[in-house]
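Data block below; observations after.
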Number of protein chains: 2
Amino acid sequence: MAIRNAFYAQSGGVTAVINASACGVIETARQYSDRIGSVYAGRNGIVGALTEDLIDTTQESDQAIAGLRYTPGGAFGSCRYKLKGLEEGRAQYERLIEVFKAHDIGYFFYNGGGDSADTCLKVSQLSEKMGYPLCAIHIPKTVDNDLPITDNCPGFGSVAKYIAISTLEGSFDVASMAATSTKIFVIEVMGRHAGWIAAAGGLAADETRDIPLVILFPEVPFDQAKFLAAVEDKVKRYGYCSIVVSEGVKGPDGKFLADAGIKDVFGHTQLGGVAPLIASLVKNGLGFRCHWAVADYLQRSARHIASKTDVEQAYAVGKAAVELALEGKNAVMPTIVRTSNSPYRWEIGHADLADVANVEKKMPREFISEDGFGITDACRAYLLPLIEGEDYPPYRNGLPDYVVLKNAAVPKKLTSQFAV
Amino acid sequence: MAIRNAFYAQSGGVTAVINASACGVIETARQYSDRIGSVYAGRNGIVGALTEDLIDTTQESDQAIAGLRYTPGGAFGSCRYKLKGLEEGRAQYERLIEVFKAHDIGYFFYNGGGDSADTCLKVSQLSEKMGYPLCAIHIPKTVDNDLPITDNCPGFGSVAKYIAISTLEGSFDVASMAATSTKIFVIEVMGRHAGWIAAAGGLAADETRDIPLVILFPEVPFDQAKFLAAVEDKVKRYGYCSIVVSEGVKGPDGKFLADAGIKDVFGHTQLGGVAPLIASLVKNGLGFRCHWAVADYLQRSARHIASKTDVEQAYAVGKAAVELALEGKNAVMPTIVRTSNSPYRWEIGHADLADVANVEKKMPREFISEDGFGITDACRAYLLPLIEGEDYPPYRNGLPDYVVLKNAAVPKKLTSQFAV
């Protein structure tokens, strides 16, 4: 069998562990040097493929590649660039095949969420139609945890751990201050369409830590009166309350609260920020002094406190992607299969991309408590294994010693340009 | 020498390591059971002393007390309650002495910042005047790092480490996204009057990590045109920029930018938040897509990534406070003395409270770079040892296993009430 090269690219919002998947791909490919030549990475995701801006990962030492396992962000650059449909965007897909041909790419590994699963599927279809042999494998990644079939998505467990710990620590803080000062701590978390990350805040409380929490999910229409009553009740009973609010929480009109038109002093609509809005509502409605935090990028790049389970799974799907490709599989995605809850056990399976692309996994209603402000035992049982274990990066001078790659360019072979 | 009891209280904003000081006090007092009877803690700080609401720490196991070393927040409750001057507030101080007499308190340990140093000094003065023998020792604590004489303040090193790491991780994230999406990451940090915490964000970049940073200090009046030019320059050269903004940054008029009158959709002035304001300025002035985070309580309660140096120093000042008291010292504060920068060495000294109370240590101008947007090598040399080392808490079920004390009340001995 001829040795062919591999292409790997990162897509969409990055995570604390997407580079662990890259590490899994490259380390595994290096073990099969009799079948896989070079791994070329797209600089800034698929844009790098379209513009023939490829990174030669063979220039990186084994040590540097091993360092990807504990480095957050996207080491080769990611992108927010959605390819069009096959008909409308045919030129894009043909360009990809052209670039792949020029660099003898036989393996296409695309590391992303739902959109990129769809792109990966289309690439595989076009290569078949054009008679260009290519194994296209999608590697799951998303903090939103919304891909179907796989039990969970690499990237989510680490965000969940960060938000659970941050909610716990913020709650310890506000509990100390509540007698004479701040009684409310609000933390805003990601999750535009699904409440998986907000749910993770619920892990701060358990049978040994009775912490008063009110969670605002995107799945539950915001009811101001009911919300204020819930907060008031917690403060009455505990003296304080922590509020976890998803950026995706919507009013009864179905519009995002965060888009409700907050203006800055210059009259400009302010960028995002539902936490300050919630804090204002509590302050004005109940008179309690509030503090609020917005975790934003910190939650998805907090490699310093990544979940060990998540790191292992992110690596495993990268490794499995290469193995699936070498088995000749095409248009598939490695999945995480939960085989046991307690003790937690998992293994790698795979799914057809046709069943993955454009399907969004919502949080089941039975994971949200009846009053709409908390998580159920079923949710807890699902989430807990995903945040299990710590996987600390090495430190130098008090800071994580994250790697920065050389990212040397592969010499171009095409004379044609492609505008993105 | 008669055995007498000790009083310990936590004051003001809590930190990731104020309980490590409590641990140092209680563990050391337990070693001197021939001289110190019970350690009573004030429930919610000095308010607990005024209302005779004391916590009996003898009810806590050695293991629980040891757990304070790795537990954030204020285990006995803190308070924002500033005692008045001696003349105006004489009744308060007399009440304190009354409560101390009733419970045979011979040692007064007050764990806080500048205000509480002043309170501690006044308590010592009044007890002398009233002929009530009391050793009053102040234990330094403040994330603001603004106490004089001591080289640094316990609590600061851990915030500094958290902000340095968060700035580093957020920068890795935005660097990955910048080609096609977000080019600016803004992180808002504490420090209403001094830029020590903002300066710590500067540690994210060093000779091995060339990260484009713009820091906005409270010490440097905000100049919008100069700021936008600095950000634009970074984006031109690096493709992205991270901005660390202190909550205390002021406009040329000397007013806090955060108080500039941001209104929410209901017309209410919004609580705090200079990060969204800065993001709006960049978006509207330069057109760059921005993300912003507000660390708020997370930065000062992030015990999961506390600085080992900080934990050790927080414990050491608690321990030293008891030892100073047993030496008969009064109206003093243990200090941290830096004896060498490289290798970093420190020891415990002490200062007279009269020299500490109401003196605020500002950041030296030579710690801020000439353009006003960065830190100098001198600042780096000062800060780096303070974030050195990790001191991870134990974990259970994926979360730090922080302790919650029983906090049993000491039976009241007085019949009089005192309104606070």
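In the structure tokens, chains take letters A, B, ... by order of appearance, with residues numbered from 1 within each chain and ligands from 1 in the order shown.
Proximity to Thr415 in chain A at 12 Å, evaluated using only C-alpha atoms and with sequence-adjacent residues fewer than 2 positions away removed, yields Thr51, Glu52, Glu98, Val99, Ala102, Pro411, Lys412, Lys413, Gln417 and Phe418 of chain A.
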Both chains have the same sequence, so superpose chain A on chain B over all Cα atoms paired in order and return it as a short mmCIF file (atom, residue, chain, number, x, y, z; two decimals) with C-alpha atoms, in the first residue's frame.
```
data_model
loop_
_atom_site.label_atom_id
_atom_site.label_comp_id
_atom_site.auth_asym_id
_atom_site.auth_seq_id
_atom_site.Cartn_x
_atom_site.Cartn_y
_atom_site.Cartn_z
CA MET A 1 1.64 32.36 83.65
CA ALA A 2 -2.10 31.99 83.49
CA ILE A 3 -3.69 30.23 80.55
CA ARG A 4 -5.83 32.69 78.61
CA ASN A 5 -8.02 32.30 75.54
CA ALA A 6 -7.43 33.75 72.10
CA PHE A 7 -9.77 35.55 69.73
CA TYR A 8 -9.31 35.32 65.95
CA ALA A 9 -11.36 37.10 63.27
CA GLN A 10 -11.31 37.55 59.50
CA SER A 11 -11.97 40.95 58.05
CA GLY A 12 -12.83 42.42 54.64
CA GLY A 13 -12.69 40.65 51.30
CA VAL A 14 -11.60 37.04 51.68
CA THR A 15 -8.78 35.36 49.76
CA ALA A 16 -7.72 31.91 48.61
CA VAL A 17 -5.35 31.67 51.57
CA ILE A 18 -6.84 33.60 54.50
CA ASN A 19 -7.87 30.25 55.98
CA ALA A 20 -4.24 29.13 55.71
CA SER A 21 -3.46 31.96 58.14
CA ALA A 22 -6.30 30.77 60.37
CA CYS A 23 -4.78 27.31 60.18
CA GLY A 24 -1.40 28.74 61.22
CA VAL A 25 -2.96 30.52 64.21
CA ILE A 26 -5.00 27.57 65.47
CA GLU A 27 -2.40 24.85 64.91
CA THR A 28 0.26 26.94 66.63
CA ALA A 29 -2.05 27.85 69.51
CA ARG A 30 -2.80 24.14 69.97
CA GLN A 31 0.92 23.51 70.36
CA TYR A 32 1.01 25.98 73.25
CA SER A 33 -1.91 24.61 75.23
CA ASP A 34 0.05 25.39 78.42
CA ARG A 35 -0.41 29.09 77.68
CA ILE A 36 -3.34 29.45 75.28
CA GLY A 37 -6.67 27.90 76.21
CA SER A 38 -9.32 27.98 73.51
CA VAL A 39 -9.17 29.83 70.22
CA TYR A 40 -12.53 31.52 69.72
CA ALA A 41 -13.29 32.86 66.27
CA GLY A 42 -15.58 35.78 65.57
CA ARG A 43 -18.57 34.67 63.51
CA ASN A 44 -18.53 37.06 60.57
CA GLY A 45 -15.43 38.85 61.74
CA ILE A 46 -15.45 41.57 64.34
CA VAL A 47 -19.25 41.61 64.25
CA GLY A 48 -19.08 38.27 66.07
CA ALA A 49 -17.05 39.86 68.85
CA LEU A 50 -19.40 42.82 69.21
CA THR A 51 -22.47 40.58 69.35
CA GLU A 52 -20.72 37.94 71.49
CA ASP A 53 -21.26 35.44 68.67
CA LEU A 54 -18.10 33.41 69.10
CA ILE A 55 -17.17 30.13 67.44
CA ASP A 56 -15.48 27.46 69.52
CA THR A 57 -12.65 26.14 67.35
CA THR A 58 -11.77 23.53 69.96
CA GLN A 59 -14.76 21.58 68.65
CA GLU A 60 -12.97 21.10 65.33
CA SER A 61 -10.72 18.09 64.79
CA ASP A 62 -7.03 18.50 63.98
CA GLN A 63 -7.90 17.17 60.53
CA ALA A 64 -10.56 19.81 59.93
CA ILE A 65 -8.20 22.57 61.03
CA ALA A 66 -5.48 21.17 58.77
CA GLY A 67 -8.02 21.35 55.92
CA LEU A 68 -8.24 25.12 56.36
CA ARG A 69 -4.83 25.31 54.73
CA TYR A 70 -6.36 24.36 51.39
CA THR A 71 -9.84 25.86 51.70
CA PRO A 72 -10.70 29.26 50.19
CA GLY A 73 -13.16 31.85 51.51
CA GLY A 74 -13.42 32.81 55.15
CA ALA A 75 -14.19 29.70 57.19
CA PHE A 76 -15.70 31.68 60.10
CA GLY A 77 -17.32 34.37 57.97
CA SER A 78 -15.80 37.75 57.27
CA CYS A 79 -17.37 41.18 57.32
CA ARG A 80 -17.23 44.60 55.84
CA TYR A 81 -17.63 46.56 59.05
CA LYS A 82 -15.25 49.35 59.86
CA LEU A 83 -15.04 50.37 63.47
CA LYS A 84 -15.25 54.09 64.08
CA GLY A 85 -12.51 56.25 65.54
CA LEU A 86 -11.69 55.84 69.23
CA GLU A 87 -13.62 58.92 70.37
CA GLU A 88 -16.69 58.57 68.15
CA GLY A 89 -16.85 54.79 68.46
CA ARG A 90 -15.70 54.40 72.03
CA ALA A 91 -18.77 52.28 72.88
CA GLN A 92 -17.72 49.73 70.24
CA TYR A 93 -14.25 49.34 71.65
CA GLU A 94 -15.53 49.17 75.20
CA ARG A 95 -17.94 46.45 74.11
CA LEU A 96 -15.06 44.48 72.61
CA ILE A 97 -13.16 44.68 75.88
CA GLU A 98 -16.31 43.65 77.75
CA VAL A 99 -16.75 40.55 75.58
CA PHE A 100 -13.05 39.72 75.82
CA LYS A 101 -13.15 40.02 79.59
CA ALA A 102 -16.21 37.75 79.77
CA HIS A 103 -14.39 35.05 77.80
CA ASP A 104 -10.95 35.68 79.29
CA ILE A 105 -9.45 36.65 75.95
CA GLY A 106 -5.77 37.49 76.35
CA TYR A 107 -4.83 37.38 72.66
CA PHE A 108 -6.52 39.28 69.85
CA PHE A 109 -5.64 38.18 66.30
CA TYR A 110 -7.15 40.26 63.54
CA ASN A 111 -6.68 39.01 59.97
CA GLY A 112 -7.23 41.71 57.38
CA GLY A 113 -6.01 44.72 55.41
CA GLY A 114 -5.33 48.36 56.19
CA ASP A 115 -8.63 49.14 57.92
CA SER A 116 -8.36 46.20 60.26
CA ALA A 117 -4.77 47.07 61.09
CA ASP A 118 -6.14 50.39 62.30
CA THR A 119 -8.88 48.65 64.31
CA CYS A 120 -6.34 46.30 65.84
CA LEU A 121 -4.17 49.25 66.87
CA LYS A 122 -7.12 50.99 68.54
CA VAL A 123 -8.13 47.85 70.40
CA SER A 124 -4.63 47.57 71.79
CA GLN A 125 -4.61 51.23 72.84
CA LEU A 126 -7.96 51.00 74.58
CA SER A 127 -7.10 47.82 76.41
CA GLU A 128 -4.01 49.56 77.75
CA LYS A 129 -5.99 52.61 78.82
CA MET A 130 -8.60 50.41 80.49
CA GLY A 131 -5.97 48.34 82.21
CA TYR A 132 -7.13 45.16 80.47
CA PRO A 133 -4.07 43.10 79.48
CA LEU A 134 -4.32 42.03 75.84
CA CYS A 135 -1.84 41.19 73.09
CA ALA A 136 -3.32 42.57 69.87
CA ILE A 137 -1.63 41.23 66.74
CA HIS A 138 -2.62 42.04 63.19
CA ILE A 139 -2.25 39.33 60.55
CA PRO A 140 -1.77 40.75 57.05
CA LYS A 141 -4.20 39.73 54.32
CA THR A 142 -5.18 41.49 51.16
CA VAL A 143 -5.34 40.64 47.49
CA ASP A 144 -4.65 44.32 46.83
CA ASN A 145 -1.06 43.97 48.09
CA ASP A 146 -1.21 47.49 49.46
CA LEU A 147 0.01 47.11 53.06
CA PRO A 148 3.26 48.93 53.84
CA ILE A 149 6.51 47.53 55.26
CA THR A 150 5.75 43.88 54.43
CA ASP A 151 7.31 42.92 51.07
CA ASN A 152 3.96 41.52 49.93
CA CYS A 153 0.59 40.57 51.37
CA PRO A 154 -0.71 37.01 51.78
CA GLY A 155 -3.55 36.54 49.33
CA PHE A 156 -1.94 38.56 46.59
CA GLY A 157 0.39 35.86 45.24
CA SER A 158 -2.50 33.51 44.52
CA VAL A 159 -4.57 36.16 42.76
CA ALA A 160 -1.49 37.11 40.76
CA LYS A 161 -0.97 33.48 39.76
CA TYR A 162 -4.62 33.08 38.76
CA ILE A 163 -4.61 36.25 36.67
CA ALA A 164 -1.28 35.43 35.01
CA ILE A 165 -2.53 31.94 34.08
CA SER A 166 -5.94 33.20 32.97
CA THR A 167 -4.35 35.87 30.78
CA LEU A 168 -2.02 33.25 29.31
CA GLU A 169 -4.82 30.78 28.61
CA GLY A 170 -7.20 33.40 27.24
CA SER A 171 -4.40 34.61 24.97
CA PHE A 172 -3.80 31.11 23.61
CA ASP A 173 -7.51 30.95 22.86
CA VAL A 174 -7.87 34.28 21.07
CA ALA A 175 -4.64 33.68 19.13
CA SER A 176 -6.30 30.55 17.68
CA MET A 177 -9.46 32.39 16.68
CA ALA A 178 -7.99 35.64 15.37
CA ALA A 179 -7.58 34.80 11.69
CA THR A 180 -11.30 34.67 10.95
CA SER A 181 -13.06 35.72 14.15
CA THR A 182 -12.26 37.26 17.54
CA LYS A 183 -9.06 39.32 17.65
CA ILE A 184 -9.34 40.85 21.12
CA PHE A 185 -9.62 39.24 24.54
CA VAL A 186 -10.31 41.53 27.50
CA ILE A 187 -9.97 40.39 31.09
CA GLU A 188 -11.09 42.60 33.97
CA VAL A 189 -9.22 42.21 37.25
CA MET A 190 -9.55 43.58 40.77
CA GLY A 191 -7.55 46.45 42.24
CA ARG A 192 -9.65 49.52 42.88
CA HIS A 193 -6.70 51.73 43.83
CA ALA A 194 -3.48 49.97 42.84
CA GLY A 195 -2.44 48.04 39.75
CA TRP A 196 -0.68 45.13 41.44
CA ILE A 197 -3.16 42.54 40.17
CA ALA A 198 -3.29 44.03 36.66
CA ALA A 199 0.50 43.91 36.60
CA ALA A 200 0.35 40.15 37.23
CA GLY A 201 -1.38 39.75 33.88
CA GLY A 202 1.89 40.94 32.35
CA LEU A 203 3.58 37.72 33.50
CA ALA A 204 1.68 35.83 30.76
CA ALA A 205 4.30 37.08 28.30
CA ASP A 206 8.01 36.49 28.70
CA GLU A 207 11.09 35.86 26.60
CA THR A 208 9.75 32.42 25.59
CA ARG A 209 6.13 33.50 25.03
CA ASP A 210 5.77 36.60 22.87
CA ILE A 211 2.14 37.47 23.68
CA PRO A 212 0.77 40.92 22.74
CA LEU A 213 -0.63 42.50 25.91
CA VAL A 214 -2.04 45.91 26.73
CA ILE A 215 -2.52 46.54 30.45
CA LEU A 216 -4.69 49.32 31.82
CA PHE A 217 -3.54 50.38 35.31
CA PRO A 218 -5.42 52.55 37.84
CA GLU A 219 -2.19 54.53 38.14
CA VAL A 220 -2.27 55.62 34.49
CA PRO A 221 -5.11 57.96 33.42
CA PHE A 222 -7.02 56.35 30.56
CA ASP A 223 -6.27 57.97 27.21
CA GLN A 224 -8.66 56.52 24.66
CA ALA A 225 -6.74 57.51 21.54
CA LYS A 226 -3.43 56.26 22.87
CA PHE A 227 -5.08 53.04 24.06
CA LEU A 228 -6.72 52.32 20.70
CA ALA A 229 -3.46 53.05 18.90
CA ALA A 230 -1.63 50.57 21.16
CA VAL A 231 -4.23 47.86 20.51
CA GLU A 232 -4.24 48.50 16.78
CA ASP A 233 -0.46 48.25 16.69
CA LYS A 234 -0.51 44.87 18.47
CA VAL A 235 -3.16 43.49 16.14
CA LYS A 236 -1.18 44.68 13.12
CA ARG A 237 1.93 42.91 14.32
CA TYR A 238 0.49 39.78 15.97
CA GLY A 239 -2.99 39.42 14.53
CA TYR A 240 -4.55 39.65 17.97
CA CYS A 241 -4.25 41.35 21.35
CA SER A 242 -5.09 40.60 24.98
CA ILE A 243 -6.13 43.45 27.24
CA VAL A 244 -5.87 43.30 31.03
CA VAL A 245 -7.98 46.04 32.57
CA SER A 246 -8.07 46.94 36.24
CA GLU A 247 -11.50 47.67 37.66
CA GLY A 248 -9.90 50.81 39.06
CA VAL A 249 -8.88 52.42 35.78
CA LYS A 250 -9.84 56.09 35.71
CA GLY A 251 -10.51 58.61 33.00
CA PRO A 252 -8.65 61.92 32.71
CA ASP A 253 -11.37 63.38 34.98
CA GLY A 254 -10.24 61.06 37.76
CA LYS A 255 -13.53 59.15 37.78
CA PHE A 256 -13.68 55.37 37.49
CA LEU A 257 -14.47 54.30 33.92
CA ALA A 258 -16.64 51.53 35.39
CA ASP A 259 -18.84 54.15 37.01
CA ALA A 260 -19.35 55.94 33.70
CA GLY A 261 -23.03 55.21 33.81
CA ILE A 262 -23.66 52.03 31.87
CA LYS A 263 -27.40 51.50 31.83
CA ASP A 264 -29.25 48.26 31.39
CA VAL A 265 -32.39 47.87 29.32
CA PHE A 266 -34.52 48.89 32.28
CA GLY A 267 -32.64 52.16 32.60
CA HIS A 268 -30.87 51.09 35.77
CA THR A 269 -27.22 51.84 36.19
CA GLN A 270 -25.45 48.56 35.74
CA LEU A 271 -23.25 47.12 38.44
CA GLY A 272 -19.54 47.44 37.69
CA GLY A 273 -17.97 46.04 34.60
CA VAL A 274 -15.23 47.99 32.88
CA ALA A 275 -14.41 45.02 30.60
CA PRO A 276 -17.58 45.33 28.49
CA LEU A 277 -16.94 49.06 28.22
CA ILE A 278 -13.39 48.52 26.97
CA ALA A 279 -14.63 45.85 24.55
CA SER A 280 -17.23 48.28 23.20
CA LEU A 281 -14.59 50.97 22.73
CA VAL A 282 -12.38 48.60 20.74
CA LYS A 283 -15.27 47.22 18.72
CA ASN A 284 -16.57 50.65 17.84
CA GLY A 285 -13.18 52.32 17.45
CA LEU A 286 -11.29 49.64 15.55
CA GLY A 287 -13.96 47.24 14.35
CA PHE A 288 -12.34 44.18 15.91
CA ARG A 289 -14.49 41.40 17.27
CA CYS A 290 -13.95 41.16 21.04
CA HIS A 291 -14.49 38.67 23.83
CA TRP A 292 -14.39 39.75 27.45
CA ALA A 293 -14.20 38.06 30.83
CA VAL A 294 -14.71 39.42 34.33
CA ALA A 295 -12.84 37.36 36.92
CA ASP A 296 -14.44 38.96 39.98
CA TYR A 297 -14.59 36.61 43.00
CA LEU A 298 -13.07 33.77 40.97
CA GLN A 299 -9.64 35.40 41.13
CA ARG A 300 -9.52 35.71 44.91
CA SER A 301 -11.09 32.34 45.72
CA ALA A 302 -9.21 30.19 43.16
CA ARG A 303 -7.59 27.98 45.77
CA HIS A 304 -7.35 25.23 43.13
CA ILE A 305 -4.41 27.09 41.58
CA ALA A 306 -3.04 28.96 44.60
CA SER A 307 0.61 29.95 44.70
CA LYS A 308 2.63 27.63 46.93
CA THR A 309 4.71 30.61 48.07
CA ASP A 310 1.53 32.43 49.03
CA VAL A 311 0.09 29.48 50.96
CA GLU A 312 3.33 29.06 52.90
CA GLN A 313 3.53 32.75 53.71
CA ALA A 314 -0.12 32.95 54.75
CA TYR A 315 0.43 30.04 57.12
CA ALA A 316 3.68 31.55 58.38
CA VAL A 317 2.16 34.92 59.34
CA GLY A 318 -0.59 33.12 61.24
CA LYS A 319 1.96 31.03 63.09
CA ALA A 320 4.20 34.07 63.72
CA ALA A 321 1.26 36.05 65.12
CA VAL A 322 0.83 33.48 67.89
CA GLU A 323 4.55 33.37 68.57
CA LEU A 324 4.75 37.17 68.74
CA ALA A 325 1.85 37.19 71.18
CA LEU A 326 3.54 34.60 73.35
CA GLU A 327 6.65 36.80 73.37
CA GLY A 328 4.44 39.48 74.86
CA LYS A 329 4.43 41.67 71.74
CA ASN A 330 1.48 43.99 71.32
CA ALA A 331 0.22 46.20 68.48
CA VAL A 332 2.44 44.57 65.87
CA MET A 333 1.99 42.76 62.55
CA PRO A 334 4.16 39.93 61.24
CA THR A 335 5.71 40.93 57.92
CA ILE A 336 7.27 39.10 55.00
CA VAL A 337 10.86 40.15 54.48
CA ARG A 338 12.46 39.36 51.12
CA THR A 339 16.11 38.56 51.77
CA SER A 340 17.03 37.46 48.26
CA ASN A 341 15.46 37.66 44.83
CA SER A 342 17.29 34.91 43.01
CA PRO A 343 17.08 32.39 44.50
CA TYR A 344 14.03 33.77 46.23
CA ARG A 345 14.34 33.72 50.00
CA TRP A 346 12.11 35.22 52.62
CA GLU A 347 11.71 35.29 56.37
CA ILE A 348 9.21 36.62 58.87
CA GLY A 349 9.77 39.97 60.55
CA HIS A 350 7.36 42.31 62.29
CA ALA A 351 6.27 45.92 62.19
CA ASP A 352 4.63 48.27 64.66
CA LEU A 353 0.96 48.71 63.84
CA ALA A 354 1.33 52.46 64.25
CA ASP A 355 3.50 52.36 61.11
CA VAL A 356 1.08 50.12 59.19
CA ALA A 357 -2.38 51.48 59.91
CA ASN A 358 -3.87 53.71 57.22
CA VAL A 359 -0.76 53.67 55.02
CA GLU A 360 -1.40 52.45 51.45
CA LYS A 361 1.47 51.03 49.40
CA LYS A 362 1.13 52.09 45.76
CA MET A 363 2.83 50.36 42.86
CA PRO A 364 6.14 52.15 42.11
CA ARG A 365 6.07 54.05 38.80
CA GLU A 366 9.21 52.18 37.74
CA PHE A 367 7.17 48.97 37.68
CA ILE A 368 5.07 50.34 34.79
CA SER A 369 6.60 50.56 31.32
CA GLU A 370 7.17 53.99 29.81
CA ASP A 371 4.17 53.79 27.48
CA GLY A 372 1.96 52.98 30.47
CA PHE A 373 0.63 49.71 29.03
CA GLY A 374 3.07 47.11 30.34
CA ILE A 375 5.33 46.01 33.19
CA THR A 376 9.06 46.47 33.55
CA ASP A 377 11.77 43.92 34.34
CA ALA A 378 11.89 45.26 37.90
CA CYS A 379 8.18 44.52 38.29
CA ARG A 380 8.65 41.04 36.85
CA ALA A 381 11.51 40.34 39.26
CA TYR A 382 9.30 41.41 42.15
CA LEU A 383 6.23 39.41 41.05
CA LEU A 384 7.66 36.11 39.81
CA PRO A 385 8.68 34.61 43.17
CA LEU A 386 5.22 35.37 44.57
CA ILE A 387 3.47 33.07 42.08
CA GLU A 388 6.07 30.32 42.35
CA GLY A 389 4.94 26.78 43.05
CA GLU A 390 1.64 24.95 43.07
CA ASP A 391 -0.14 23.72 46.17
CA TYR A 392 -3.04 21.61 44.96
CA PRO A 393 -5.91 20.79 47.29
CA PRO A 394 -7.08 17.16 47.57
CA TYR A 395 -9.96 16.20 45.25
CA ARG A 396 -13.08 14.10 45.70
CA ASN A 397 -15.50 13.34 42.85
CA GLY A 398 -13.65 15.67 40.51
CA LEU A 399 -13.87 18.69 42.83
CA PRO A 400 -11.56 20.13 45.50
CA ASP A 401 -12.42 18.60 48.84
CA TYR A 402 -12.66 21.88 50.74
CA VAL A 403 -13.58 21.67 54.41
CA VAL A 404 -16.69 23.09 56.00
CA LEU A 405 -16.32 23.55 59.75
CA LYS A 406 -18.97 22.84 62.36
CA ASN A 407 -18.67 26.41 63.68
CA ALA A 408 -20.31 25.60 67.03
CA ALA A 409 -21.19 28.65 69.11
CA VAL A 410 -19.54 29.43 72.42
CA PRO A 411 -22.27 29.82 75.07
CA LYS A 412 -22.92 33.50 75.79
CA LYS A 413 -21.90 34.90 79.14
CA LEU A 414 -23.22 38.43 78.84
CA THR A 415 -26.84 39.43 79.18
CA SER A 416 -26.41 42.72 77.38
CA GLN A 417 -27.00 43.02 73.63
CA PHE A 418 -25.05 45.19 71.23
CA ALA A 419 -26.53 46.46 67.98
CA VAL A 420 -24.21 46.60 64.98
#
```
* List every residue of range 266-312 of chain B that DSSP, applied to the backbone, labels as strand (DSSP E or B), and write the result as a PyMOL selection string. => chain B and resi 269+290-294+307
* To do: Using backbone DSSP assignments, extract all helix (DSSP H, G or I) residues from range 209-356 of chain A; output them as a ChimeraX atom specification.
  => /A:224-238,257-259,274-286,297-301,303-305,308-326,353-356
